[in-house]
>>> print(open('data.csv').read())   # CSV, C-alpha atoms
chain,number,residue,atom,x,y,z
T,1,MET,CA,-0.6,6.0,-16.1
T,2,ALA,CA,0.1,6.1,-19.8
T,3,PRO,CA,2.2,3.1,-21.0
T,4,LEU,CA,5.7,3.8,-22.4
T,5,GLU,CA,6.5,3.1,-26.1
T,6,PRO,CA,8.5,-0.1,-26.5
T,7,TYR,CA,11.7,1.8,-27.3
T,8,GLU,CA,11.3,4.1,-24.3
T,9,LYS,CA,11.3,1.1,-22.0
T,10,VAL,CA,14.7,-0.2,-23.0
T,11,LEU,CA,16.6,2.8,-24.5
T,12,VAL,CA,19.7,3.5,-22.4
T,13,ASP,CA,20.6,7.2,-22.1
T,14,GLU,CA,24.2,8.1,-23.0
T,15,GLU,CA,24.4,10.0,-19.7
T,16,PHE,CA,24.1,6.7,-17.9
T,17,LEU,CA,27.4,5.5,-19.5
T,18,ASP,CA,29.1,8.9,-19.1
T,19,GLU,CA,27.9,10.2,-15.8
T,20,ASP,CA,26.2,7.5,-13.7
T,21,PRO,CA,28.7,5.5,-11.5
T,22,HIS,CA,26.6,2.4,-12.3
T,23,GLY,CA,27.4,2.9,-16.0
T,24,GLU,CA,31.0,1.9,-15.3
T,25,ILE,CA,29.9,-1.6,-14.5
T,26,ALA,CA,29.6,-4.0,-17.4
T,27,CYS,CA,26.0,-4.9,-18.3
T,28,GLU,CA,26.5,-8.7,-17.9
T,29,THR,CA,27.9,-8.2,-14.3
T,30,CYS,CA,24.4,-7.5,-13.2
T,31,HIS,CA,22.1,-8.8,-16.0
T,32,GLY,CA,23.9,-11.9,-17.1
T,33,GLY,CA,23.6,-12.9,-20.8
T,34,ASN,CA,26.4,-13.4,-23.3
T,35,PRO,CA,28.3,-10.3,-24.2
T,36,LYS,CA,30.3,-12.1,-26.9
T,37,ALA,CA,27.2,-13.1,-28.9
T,38,THR,CA,26.5,-11.5,-32.2
T,39,LYS,CA,22.7,-12.2,-32.3
T,40,ARG,CA,20.2,-10.8,-29.9
T,41,GLU,CA,18.7,-14.2,-29.1
T,42,ASP,CA,22.1,-15.5,-28.1
T,43,ALA,CA,23.1,-12.4,-26.3
T,44,HIS,CA,19.9,-12.6,-24.1
T,45,GLN,CA,20.5,-16.2,-23.1
T,46,GLY,CA,20.3,-16.2,-19.3
T,47,LEU,CA,19.3,-12.6,-19.1
T,48,ILE,CA,18.2,-11.3,-15.7
T,49,PRO,CA,15.8,-8.3,-16.3
T,50,ASP,CA,15.7,-7.2,-12.6
T,51,PRO,CA,19.0,-8.3,-10.8
T,52,SER,CA,17.7,-6.7,-7.6
T,53,PHE,CA,14.8,-9.1,-7.1
T,54,PRO,CA,14.2,-11.3,-5.2
T,55,ASP,CA,17.6,-10.9,-3.6
T,56,ALA,CA,19.7,-7.7,-4.3
T,57,THR,CA,22.7,-9.0,-2.4
T,58,LYS,CA,24.8,-9.7,-5.5
T,59,ALA,CA,23.7,-6.8,-7.7
T,60,CYS,CA,23.5,-4.1,-5.1
T,61,GLY,CA,25.1,-5.4,-2.0
T,62,GLU,CA,28.7,-4.9,-2.8
T,63,CYS,CA,28.3,-1.1,-2.5
T,64,HIS,CA,25.1,-0.8,-0.6
T,65,GLU,CA,25.5,-3.7,1.9
T,66,GLU,CA,23.7,-2.1,4.9
T,67,ILE,CA,20.7,-1.0,2.8
T,68,VAL,CA,20.4,-4.3,1.0
T,69,GLU,CA,20.5,-6.3,4.3
T,70,VAL,CA,17.6,-4.4,5.9
T,71,ALA,CA,15.7,-4.1,2.6
T,72,LYS,CA,15.3,-7.9,2.5
T,73,SER,CA,12.7,-7.3,5.2
T,74,SER,CA,10.9,-4.4,3.5
T,75,PRO,CA,7.2,-5.0,3.1
T,76,HIS,CA,7.6,-3.9,-0.5
T,77,VAL,CA,9.9,-6.9,-1.1
T,78,THR,CA,8.4,-9.5,1.2
T,79,LEU,CA,4.7,-8.6,0.8
T,80,SER,CA,4.5,-9.8,4.4
T,81,GLY,CA,1.2,-7.9,4.9
T,82,PHE,CA,-0.5,-9.8,2.1
T,83,LYS,CA,0.9,-13.1,3.2
T,84,HIS,CA,-0.1,-12.6,6.8
T,85,SER,CA,-3.7,-11.4,6.2
T,86,ILE,CA,-4.5,-14.1,3.6
T,87,GLY,CA,-2.8,-16.7,5.7
T,88,MET,CA,-5.0,-15.8,8.7
T,89,ARG,CA,-8.1,-16.1,6.6
T,90,ALA,CA,-7.1,-19.2,4.7
T,91,SER,CA,-8.1,-22.8,5.5
T,92,THR,CA,-5.8,-24.7,7.7
T,93,ASP,CA,-5.8,-27.6,5.2
T,94,GLU,CA,-2.2,-27.6,3.8
T,95,THR,CA,-3.4,-28.7,0.3
T,96,VAL,CA,-5.9,-25.9,0.2
T,97,ARG,CA,-3.3,-23.3,1.4
T,98,GLY,CA,-0.9,-24.6,-1.3
T,99,LYS,CA,-3.5,-23.8,-3.9
T,100,ILE,CA,-3.9,-20.3,-2.6
T,101,PHE,CA,-0.3,-19.4,-2.1
T,102,GLN,CA,1.4,-21.3,-4.9
T,103,GLU,CA,-1.2,-20.8,-7.5
T,104,GLY,CA,-3.7,-18.0,-6.7
T,105,MET,CA,-1.4,-15.5,-4.9
T,106,LYS,CA,1.6,-16.4,-7.0
T,107,THR,CA,-0.4,-15.6,-10.2
T,108,HIS,CA,-2.0,-12.4,-8.9
T,109,CYS,CA,-0.9,-10.9,-5.6
T,110,TYR,CA,2.9,-11.5,-5.7
T,111,SER,CA,3.2,-9.5,-8.9
T,112,CYS,CA,2.8,-6.3,-6.8
T,113,HIS,CA,6.2,-6.5,-5.2
T,114,SER,CA,8.8,-3.8,-5.7
T,115,SER,CA,12.6,-3.9,-5.6
T,116,CYS,CA,15.7,-1.7,-5.6
T,117,GLY,CA,15.6,-1.5,-9.4
T,118,GLN,CA,11.8,-1.0,-9.6
T,119,CYS,CA,12.1,2.1,-7.4
T,120,HIS,CA,15.4,3.6,-8.5
T,121,VAL,CA,15.8,2.6,-12.1
T,122,SER,CA,12.5,1.5,-13.7
T,123,ARG,CA,8.8,1.6,-13.3
T,124,PRO,CA,7.4,-1.4,-11.4
T,125,ASP,CA,6.5,-4.5,-13.2
T,126,SER,CA,2.8,-4.0,-12.2
T,127,VAL,CA,2.6,-1.2,-14.8
T,128,GLU,CA,4.7,-3.0,-17.4
T,129,GLY,CA,8.1,-1.6,-16.3
T,130,GLY,CA,10.3,0.5,-18.5
T,131,PHE,CA,13.1,2.9,-17.6
T,132,VAL,CA,12.2,6.0,-15.7
T,133,SER,CA,15.1,7.9,-17.2
T,134,GLY,CA,17.2,5.8,-19.6
T,135,HIS,CA,18.7,3.5,-16.9
T,136,LEU,CA,19.9,6.5,-14.9
T,137,PHE,CA,19.7,5.7,-11.2
T,138,SER,CA,17.4,8.0,-9.1
T,139,LYS,CA,18.4,8.4,-5.5
T,140,THR,CA,14.8,9.5,-4.8
T,141,PRO,CA,12.2,7.7,-6.9
T,142,PRO,CA,9.9,10.0,-8.7
T,143,MET,CA,6.4,10.1,-7.1
T,144,GLU,CA,4.6,10.4,-10.4
T,145,THR,CA,6.2,7.4,-12.1
T,146,ASN,CA,7.0,5.1,-9.2
T,147,CYS,CA,5.1,5.7,-6.0
T,148,THR,CA,1.7,6.2,-7.7
T,149,SER,CA,2.3,3.4,-10.2
T,150,CYS,CA,1.4,1.0,-7.4
T,151,HIS,CA,-0.5,3.3,-5.1
T,152,GLY,CA,-2.6,5.0,-7.7
T,153,SER,CA,-6.2,4.0,-7.4
T,154,ARG,CA,-6.6,5.1,-3.9
T,155,ILE,CA,-3.7,7.1,-2.5
T,156,GLU,CA,-2.8,9.1,-5.7
T,157,LYS,CA,-6.4,10.1,-6.3
T,158,GLU,CA,-6.9,11.1,-2.7
T,159,TYR,CA,-3.6,12.9,-2.3
T,160,LEU,CA,-3.7,14.8,-5.6
T,161,GLY,CA,-7.4,15.6,-5.4
T,162,LYS,CA,-8.4,13.5,-8.4
T,163,ASN,CA,-11.6,12.2,-6.7
T,164,LYS,CA,-14.4,14.4,-8.1
T,165,GLY,CA,-15.7,16.9,-5.6
T,166,PHE,CA,-12.9,16.4,-3.1
T,167,PRO,CA,-9.8,18.6,-2.7
T,168,GLY,CA,-6.3,17.2,-2.7
T,169,ASP,CA,-4.5,16.6,0.6
T,170,VAL,CA,-3.5,19.9,2.2
T,171,HIS,CA,0.1,18.8,2.4
T,172,TYR,CA,0.2,18.6,-1.4
T,173,ALA,CA,-2.2,21.3,-2.3
T,174,LYS,CA,-0.7,23.9,0.0
T,175,ARG,CA,2.9,22.7,0.4
T,176,GLY,CA,3.6,20.6,-2.7
T,177,MET,CA,5.0,17.8,-0.5
T,178,LYS,CA,6.0,14.6,-2.2
T,179,CYS,CA,5.6,11.1,-0.7
T,180,VAL,CA,9.2,11.2,0.5
T,181,ALA,CA,8.5,14.2,2.7
T,182,CYS,CA,6.9,11.7,5.2
T,183,HIS,CA,7.8,8.3,3.9
T,184,THR,CA,11.6,8.3,4.2
T,185,GLY,CA,14.2,6.0,2.7
T,186,GLU,CA,14.7,4.5,6.1
T,187,GLU,CA,11.1,3.4,6.2
T,188,MET,CA,11.0,2.1,2.7
T,189,HIS,CA,14.2,0.1,3.0
T,190,GLY,CA,13.0,-1.5,6.2
T,191,THR,CA,14.5,-2.1,9.6
T,192,GLY,CA,15.6,-5.7,9.3
T,193,LYS,CA,12.4,-6.8,10.9
T,194,VAL,CA,9.5,-8.4,9.1
T,195,TYR,CA,6.2,-6.9,10.0
T,196,ASN,CA,2.7,-8.5,9.6
T,197,HIS,CA,1.1,-5.1,8.9
T,198,ARG,CA,2.3,-1.8,7.6
T,199,TYR,CA,0.9,-0.1,10.7
T,200,ASP,CA,3.3,-2.1,12.9
T,201,VAL,CA,6.3,-0.5,11.2
T,202,GLU,CA,8.1,1.3,13.9
T,203,ASN,CA,9.7,4.0,11.8
T,204,ALA,CA,6.6,4.8,9.8
T,205,PRO,CA,5.5,8.4,9.7
T,206,ARG,CA,3.0,9.8,12.3
T,207,CYS,CA,1.1,13.0,12.2
T,208,GLU,CA,2.5,13.8,15.6
T,209,ASN,CA,6.1,13.9,14.3
T,210,CYS,CA,5.4,17.3,12.9
T,211,HIS,CA,2.2,18.3,14.7
T,212,LYS,CA,3.5,18.0,18.2
T,213,ASP,CA,0.9,20.4,19.6
T,214,ALA,CA,-1.8,17.8,18.6
T,215,ILE,CA,-0.7,15.5,21.4
T,216,SER,CA,0.4,18.0,23.9
T,217,LEU,CA,-1.4,18.2,27.2
T,218,ASN,CA,-1.1,21.9,26.9
T,219,SER,CA,-2.4,22.1,23.3
T,220,LYS,CA,-4.0,25.4,22.3
T,221,ILE,CA,-6.7,23.5,20.4
T,222,LYS,CA,-9.4,22.2,22.8
T,223,ALA,CA,-10.5,19.4,20.5
T,224,HIS,CA,-7.0,18.0,20.5
T,225,LYS,CA,-6.9,17.9,24.3
T,226,LEU,CA,-10.3,16.2,24.5
T,227,HIS,CA,-9.6,13.6,21.8
T,228,ARG,CA,-5.9,12.9,22.6
T,229,GLY,CA,-5.2,9.2,22.4
T,230,LYS,CA,-8.9,8.4,21.8
T,231,VAL,CA,-9.6,9.4,18.2
T,232,SER,CA,-7.2,9.0,15.3
T,233,CYS,CA,-6.2,12.2,13.4
T,234,HIS,CA,-8.0,11.0,10.3
T,235,VAL,CA,-11.4,10.8,12.0
T,236,CYS,CA,-11.4,14.6,12.2
T,237,HIS,CA,-9.2,15.6,9.3
T,238,ALA,CA,-9.9,13.1,6.5
T,239,VAL,CA,-12.6,13.4,3.9
T,240,ALA,CA,-14.3,10.7,1.8
T,241,TYR,CA,-12.1,8.0,0.3
T,242,LYS,CA,-12.5,4.9,-1.9
T,243,ASN,CA,-13.9,1.7,-0.7
T,244,CYS,CA,-13.7,-1.4,-2.9
T,245,TYR,CA,-16.0,-4.4,-2.6
T,246,SER,CA,-15.2,-8.0,-3.5
T,247,CYS,CA,-12.5,-9.3,-5.8
T,248,HIS,CA,-12.5,-12.6,-7.6
T,249,VAL,CA,-9.3,-13.8,-9.4
T,250,GLY,CA,-8.8,-16.5,-12.0
T,251,LYS,CA,-7.6,-17.4,-15.5
T,252,ASP,CA,-9.5,-17.2,-18.8
T,253,ALA,CA,-9.7,-19.9,-21.4
T,254,HIS,CA,-6.3,-19.0,-22.7
T,255,GLY,CA,-4.7,-19.2,-19.3
T,256,LEU,CA,-4.4,-15.4,-18.9
T,257,PRO,CA,-4.9,-14.2,-15.3
T,258,TYR,CA,-7.8,-11.8,-14.6
T,259,PHE,CA,-9.6,-10.3,-11.7
T,260,LYS,CA,-13.2,-9.1,-11.4
T,261,THR,CA,-14.2,-6.6,-8.7
T,262,ALA,CA,-17.6,-5.5,-7.5
T,263,LYS,CA,-18.5,-1.8,-7.0
T,264,SER,CA,-16.2,0.8,-5.6
T,265,GLU,CA,-17.4,4.0,-4.0
T,266,LEU,CA,-16.3,7.0,-2.1
T,267,GLY,CA,-17.4,7.0,1.5
T,268,PHE,CA,-16.3,7.9,5.1
T,269,LYS,CA,-16.8,5.6,8.0
T,270,ILE,CA,-15.6,5.7,11.6
T,271,GLY,CA,-15.2,2.3,13.3
T,272,LEU,CA,-13.7,0.9,16.4
T,273,ASN,CA,-10.0,0.1,16.5
T,274,PRO,CA,-9.9,-3.7,16.5
T,275,ALA,CA,-6.3,-3.9,17.8
T,276,PRO,CA,-5.2,-0.9,19.8
T,277,ASN,CA,-1.4,-0.7,20.4
T,278,GLN,CA,1.2,1.8,21.5
T,279,LEU,CA,1.4,3.3,18.0
T,280,LYS,CA,-2.3,3.4,17.5
T,281,PRO,CA,-4.0,3.5,20.9
T,282,TYR,CA,-7.2,5.1,19.7
T,283,LYS,CA,-10.8,3.9,20.3
T,284,PHE,CA,-12.2,5.4,17.1
T,285,VAL,CA,-10.4,5.2,13.7
T,286,THR,CA,-11.4,5.6,10.0
T,287,VAL,CA,-12.1,2.3,8.3
T,288,ARG,CA,-12.1,1.3,4.7
T,289,HIS,CA,-13.7,-1.7,3.0
T,290,ILE,CA,-11.0,-3.8,1.1
T,291,PRO,CA,-11.8,-6.1,-1.8
T,292,VAL,CA,-11.4,-9.5,-0.2
T,293,SER,CA,-14.4,-11.8,0.1
T,294,LYS,CA,-15.0,-15.4,1.0
T,295,GLY,CA,-14.9,-16.4,-2.7
T,296,THR,CA,-11.8,-14.5,-3.8
T,297,PHE,CA,-9.8,-17.6,-4.6
T,298,ASP,CA,-12.7,-19.9,-5.6
T,299,PHE,CA,-11.3,-20.4,-9.1
T,300,TYR,CA,-8.3,-22.1,-7.6
T,301,VAL,CA,-9.9,-23.9,-4.7
T,302,LYS,CA,-13.4,-23.8,-3.3
T,303,GLY,CA,-13.6,-22.7,0.4
T,304,GLY,CA,-10.0,-21.4,0.3
T,305,LEU,CA,-10.7,-18.6,2.8
T,306,ALA,CA,-12.5,-20.9,5.3
T,307,ASN,CA,-11.3,-18.6,8.2
T,308,PHE,CA,-12.5,-15.5,6.5
T,309,ASP,CA,-13.9,-14.2,9.8
T,310,ALA,CA,-10.5,-14.2,11.5
T,311,LEU,CA,-9.9,-10.6,10.3
T,312,PRO,CA,-12.1,-7.6,9.4
T,313,ASN,CA,-12.4,-6.6,5.8
T,314,TRP,CA,-13.4,-3.1,7.0
T,315,LYS,CA,-9.8,-2.2,7.9
T,316,VAL,CA,-8.2,0.6,9.7
T,317,ALA,CA,-7.4,3.3,7.1
T,318,THR,CA,-5.2,6.4,6.9
T,319,PRO,CA,-6.6,8.3,3.9
T,320,HIS,CA,-4.2,10.6,2.2
T,321,ASN,CA,-6.7,13.5,1.8
T,322,ILE,CA,-6.1,15.5,5.0
T,323,GLN,CA,-7.8,18.8,5.4
T,324,ARG,CA,-7.7,21.3,8.3
T,325,LYS,CA,-11.5,21.8,8.1
T,326,THR,CA,-13.8,18.9,7.2
T,327,PRO,CA,-17.6,18.3,7.4
T,328,GLN,CA,-17.2,16.3,10.6
T,329,ASN,CA,-15.1,18.8,12.5
T,330,LYS,CA,-17.1,22.0,11.9
T,331,SER,CA,-18.5,21.7,15.4
T,332,CYS,CA,-18.8,19.1,18.1
T,333,ASN,CA,-22.2,17.9,16.9
T,334,SER,CA,-21.0,17.6,13.3
T,335,CYS,CA,-19.7,14.3,14.6
T,336,HIS,CA,-21.2,13.6,18.0
T,337,GLY,CA,-24.6,11.9,17.5
T,338,LYS,CA,-24.1,11.6,13.7
T,339,LYS,CA,-24.9,8.0,13.2
T,340,GLU,CA,-24.3,8.1,9.5
T,341,LEU,CA,-20.6,8.7,10.1
T,342,PHE,CA,-20.1,5.5,12.1
T,343,LEU,CA,-19.9,1.9,10.8
T,344,LEU,CA,-23.1,0.4,12.1
T,345,GLU,CA,-24.3,-3.2,11.8
T,346,LYS,CA,-26.7,-2.2,9.0
T,347,ASP,CA,-23.7,-0.9,6.9
T,348,VAL,CA,-22.1,-4.3,6.9
T,349,ALA,CA,-23.2,-7.2,4.6
T,350,PRO,CA,-24.7,-10.0,6.7
T,351,GLU,CA,-22.1,-12.5,5.6
T,352,GLU,CA,-19.3,-10.1,6.7
T,353,GLN,CA,-20.7,-9.1,10.1
T,354,LEU,CA,-18.9,-11.8,12.1
T,355,ALA,CA,-15.5,-10.8,10.5
T,356,ASN,CA,-16.1,-7.2,11.4
T,357,LYS,CA,-17.6,-7.5,14.9
T,358,LYS,CA,-14.6,-5.8,16.5
T,359,VAL,CA,-14.9,-2.8,14.1
T,360,ILE,CA,-18.7,-2.3,14.0
T,361,VAL,CA,-19.8,0.5,16.4
T,362,PRO,CA,-22.8,-0.3,18.6
T,363,GLU,CA,-25.3,2.6,18.5
T,364,ASP,CA,-24.9,3.1,22.3
T,365,ALA,CA,-21.2,3.7,21.8
T,366,ILE,CA,-21.6,6.6,19.4
T,367,PRO,CA,-20.6,9.8,21.2
T,368,ARG,CA,-23.7,11.7,22.3
T,369,PRO,CA,-24.4,15.3,21.1
T,370,ARG,CA,-22.8,17.9,23.3
>>> encode(input="data.csv", output="structure tokens")
Amino acid sequence: MAPLEPYEKVLVDEEFLDEDPHGEIACETCHGGNPKATKREDAHQGLIPDPSFPDATKACGECHEEIVEVAKSSPHVTLSGFKHSIGMRASTDETVRGKIFQEGMKTHCYSCHSSCGQCHVSRPDSVEGGFVSGHLFSKTPPMETNCTSCHGSRIEKEYLGKNKGFPGDVHYAKRGMKCVACHTGEEMHGTGKVYNHRYDVENAPRCENCHKDAISLNSKIKAHKLHRGKVSCHVCHAVAYKNCYSCHVGKDAHGLPYFKTAKSELGFKIGLNPAPNQLKPYKFVTVRHIPVSKGTFDFYVKGGLANFDALPNWKVATPHNIQRKTPQNKSCNSCHGKKELFLLEKDVAPEEQLANKKVIVPEDAIPRPR
């Protein structure tokens, strides 16, 4: 995403003052500072760039109390998924955990949060911020400047068809559907409950919400009846997606944070579902390699992820590149008996096999040709 010019980031549109209800509120009410000062440096003393983070109660809660209360639990605000997964993998030594959470993650991971303001007013901090539309508030955040600012390297490229050789998701290519067509405000704002994983969110979208025939016992499509509750929709209807390998974070000689990743590649793998539940009861799911490794936080503390094997780093995936027809659903035997589609032991690095034992598909578990 192209960065904004400095003036574009901060220029308040006159329409904000004339037409937006928020323009009736004095700047200092939300942002602090000294409105009586005559010099910029003095005026900006105590300035709060984003009044909605980490707690939007004061800035937004007076008018949007119900939303703000549940939004405190939103994964976009709490980053609860990051904290849980790293916490599970981290050493039990409190000193070591402190190095990871208070130094490593605070420097790198926690910058990926979002907030009321970073969805409805500005671009997220992770892409250097800046007003989306001159401080005008957008009820529905623009997909192109907000959603894909954070979810660009994988979801945007998959959904819009930016991965060379692969078409965009049928929902976008054929219907022009934006993120909010499936991911509603109710989901984004949260439910008041903190979840350890985004796939645990109870009001998250499911394919079956629209495609009710897919789970019907009387489905007209034979494959749907045969695979109902056994195979995730993505196993049949997704195409290749990005897999990222290994990430190491640290600071350079000047104290500036950096990260170095290993290769990334497009691929498609079917694995075993490591934790079936009511929302995802399937035996087979698509899995994606994520860029966490045993040495991710070595700059901050050696052996930080001492319990690396507690969770797979080939994780359940829901690629955003759905197609009605895919290479693996052309016929039964386009998938059945096709070993190369499944995550086998040989596909997993030796040092990662214990972590992924619940995901790796034994060869005798691969569906036989029909």
>>> residues_near_point(input="data.csv", point="(-4.3, 20.3, -0.4)", cutoff="6 Å", atoms="only C-alpha atoms", output="MDAnalysis selection string")
chainID T and resid 168:174
>>> closest_atom_pairs(input="data.csv", of="range 270-358 of chain T", to="range 240-261 of chain T", cutoff="7 Å", atoms="only C-alpha atoms", output="JSON lines")
{"residue": "T:Arg288", "atom": "CA", "partner": "T:Asn243", "partner_atom": "CA", "distance": 5.7}
{"residue": "T:His289", "atom": "CA", "partner": "T:Asn243", "partner_atom": "CA", "distance": 5.0}
{"residue": "T:Ile290", "atom": "CA", "partner": "T:Cys244", "partner_atom": "CA", "distance": 5.4}
{"residue": "T:Pro291", "atom": "CA", "partner": "T:Ser246", "partner_atom": "CA", "distance": 4.2}
{"residue": "T:Val292", "atom": "CA", "partner": "T:Ser246", "partner_atom": "CA", "distance": 5.3}
{"residue": "T:Ser293", "atom": "CA", "partner": "T:Ser246", "partner_atom": "CA", "distance": 5.3}
{"residue": "T:Gly295", "atom": "CA", "partner": "T:His248", "partner_atom": "CA", "distance": 6.6}
{"residue": "T:Thr296", "atom": "CA", "partner": "T:His248", "partner_atom": "CA", "distance": 4.3}
{"residue": "T:Phe297", "atom": "CA", "partner": "T:Val249", "partner_atom": "CA", "distance": 6.1}
{"residue": "T:Phe299", "atom": "CA", "partner": "T:Gly250", "partner_atom": "CA", "distance": 5.5}
{"residue": "T:Pro319", "atom": "CA", "partner": "T:Tyr241", "partner_atom": "CA", "distance": 6.6}
>>> residues_around(input="data.csv", residues="range 74-85 of chain T", least_positions_apart="2", cutoff="10 Å", atoms="all atoms listed in the file", output="ChimeraX atom specification")
/T:53-55,68-72,87-90,101,105,109-116,187-199,201,308,310-313
>>> residues_around(input="data.csv", residues="range 27-37 of chain T", least_positions_apart="2", cutoff="12 Å", atoms="all atoms listed in the file", output="ChimeraX atom specification")
/T:12,16-17,22-25,39-53,56-62,117,135
>>> residues_around(input="data.csv", residues="range 221-237 of chain T", least_positions_apart="6", cutoff="10 Å", atoms="all atoms listed in the file", output="MDAnalysis selection string")
chainID T and resid 169 206:208 213:215 268:273 278:287 317:332 335 341
>>> closest_residue(input="data.csv", among="T:Glu65, T:Glu19, T:Glu144, T:Glu94", to="Met1 in chain T", atoms="all atoms listed in the file")
T:Glu144
>>> closest_residue(input="data.csv", among="T:Ser91, T:Lys178, T:Pro21, T:Gln102", to="Ser138 in chain T", atoms="all atoms listed in the file")
T:Pro21
>>> residues_around(input="data.csv", residues="Asp20 in chain T", least_positions_apart="5", cutoff="9 Å", atoms="all atoms listed in the file", output="ChimeraX atom specification")
/T:15,136-137
>>> write_last_selection(input="data.csv", atoms="C-alpha atoms", output="mmCIF file, keeping the file's coordinate frame")
data_model
loop_
_atom_site.group_PDB
_atom_site.id
_atom_site.type_symbol
_atom_site.label_atom_id
_atom_site.label_comp_id
_atom_site.auth_asym_id
_atom_site.auth_seq_id
_atom_site.Cartn_x
_atom_site.Cartn_y
_atom_site.Cartn_z
ATOM 1 C CA GLU T 15 24.400 10.000 -19.700
ATOM 2 C CA LEU T 136 19.900 6.500 -14.900
ATOM 3 C CA PHE T 137 19.700 5.700 -11.200
#
>>> atom_distance(input="data.csv", atom1="CA of Lys346 in chain T", atom2="CA of Ile360 in chain T")
9.4 Å
>>> atom_distance(input="data.csv", atom1="CA of Cys119 in chain T", atom2="CA of Pro141 in chain T")
5.6 Å
>>> atom_distance(input="data.csv", atom1="CA of Glu352 in chain T", atom2="CA of Asp309 in chain T")
7.5 Å
>>> closest_residue(input="data.csv", among="T:Val301, T:Ser334, T:Cys179, T:Val132", to="Ile155 in chain T", atoms="all atoms listed in the file")
T:Cys179
>>> closest_residue(input="data.csv", among="T:Val348, T:Ala26, T:Leu305, T:Val239", to="Gly161 in chain T", atoms="only C-alpha atoms")
T:Val239
>>> decode(input="data.csv", residues="range 259-272 of chain T", atoms="N, CA and C atoms", output="PDB file, in the first residue's frame")
ATOM      1  N   PHE T 259      12.643  -7.476  11.542  1.00  0.00           N
ATOM      2  CA  PHE T 259      12.354  -8.900  11.538  1.00  0.00           C
ATOM      3  C   PHE T 259      12.896  -9.488  10.247  1.00  0.00           C
ATOM      4  N   LYS T 260      13.313 -10.721  10.321  1.00  0.00           N
ATOM      5  CA  LYS T 260      13.839 -11.433   9.148  1.00  0.00           C
ATOM      6  C   LYS T 260      13.052 -12.731   8.997  1.00  0.00           C
ATOM      7  N   THR T 261      12.528 -12.944   7.821  1.00  0.00           N
ATOM      8  CA  THR T 261      11.771 -14.166   7.564  1.00  0.00           C
ATOM      9  C   THR T 261      12.505 -15.043   6.558  1.00  0.00           C
ATOM     10  N   ALA T 262      12.243 -16.317   6.634  1.00  0.00           N
ATOM     11  CA  ALA T 262      12.760 -17.253   5.642  1.00  0.00           C
ATOM     12  C   ALA T 262      11.835 -17.201   4.428  1.00  0.00           C
ATOM     13  N   LYS T 263      11.897 -18.205   3.591  1.00  0.00           N
ATOM     14  CA  LYS T 263      11.115 -18.223   2.351  1.00  0.00           C
ATOM     15  C   LYS T 263       9.619 -18.164   2.621  1.00  0.00           C
ATOM     16  N   SER T 264       8.891 -17.717   1.619  1.00  0.00           N
ATOM     17  CA  SER T 264       7.441 -17.877   1.607  1.00  0.00           C
ATOM     18  C   SER T 264       7.095 -18.452   0.246  1.00  0.00           C
ATOM     19  N   GLU T 265       6.061 -19.262   0.198  1.00  0.00           N
ATOM     20  CA  GLU T 265       5.720 -19.911  -1.061  1.00  0.00           C
ATOM     21  C   GLU T 265       4.233 -20.224  -1.109  1.00  0.00           C
ATOM     22  N   LEU T 266       3.739 -20.350  -2.332  1.00  0.00           N
ATOM     23  CA  LEU T 266       2.354 -20.751  -2.517  1.00  0.00           C
ATOM     24  C   LEU T 266       2.268 -22.266  -2.471  1.00  0.00           C
ATOM     25  N   GLY T 267       1.276 -22.770  -1.788  1.00  0.00           N
ATOM     26  CA  GLY T 267       1.099 -24.210  -1.699  1.00  0.00           C
ATOM     27  C   GLY T 267      -0.299 -24.545  -1.212  1.00  0.00           C
ATOM     28  N   PHE T 268      -0.606 -25.811  -1.203  1.00  0.00           N
ATOM     29  CA  PHE T 268      -1.930 -26.282  -0.767  1.00  0.00           C
ATOM     30  C   PHE T 268      -1.731 -27.604  -0.048  1.00  0.00           C
ATOM     31  N   LYS T 269      -2.118 -27.662   1.208  1.00  0.00           N
ATOM     32  CA  LYS T 269      -1.959 -28.882   1.977  1.00  0.00           C
ATOM     33  C   LYS T 269      -3.211 -29.161   2.818  1.00  0.00           C
ATOM     34  N   ILE T 270      -3.577 -30.429   2.823  1.00  0.00           N
ATOM     35  CA  ILE T 270      -4.682 -30.913   3.638  1.00  0.00           C
ATOM     36  C   ILE T 270      -4.085 -31.616   4.848  1.00  0.00           C
ATOM     37  N   GLY T 271      -4.516 -31.219   6.032  1.00  0.00           N
ATOM     38  CA  GLY T 271      -4.019 -31.852   7.243  1.00  0.00           C
ATOM     39  C   GLY T 271      -5.163 -32.351   8.103  1.00  0.00           C
ATOM     40  N   LEU T 272      -4.828 -32.990   9.197  1.00  0.00           N
ATOM     41  CA  LEU T 272      -5.828 -33.415  10.165  1.00  0.00           C
ATOM     42  C   LEU T 272      -6.209 -32.227  11.040  1.00  0.00           C
TER      43      LEU T 272
END
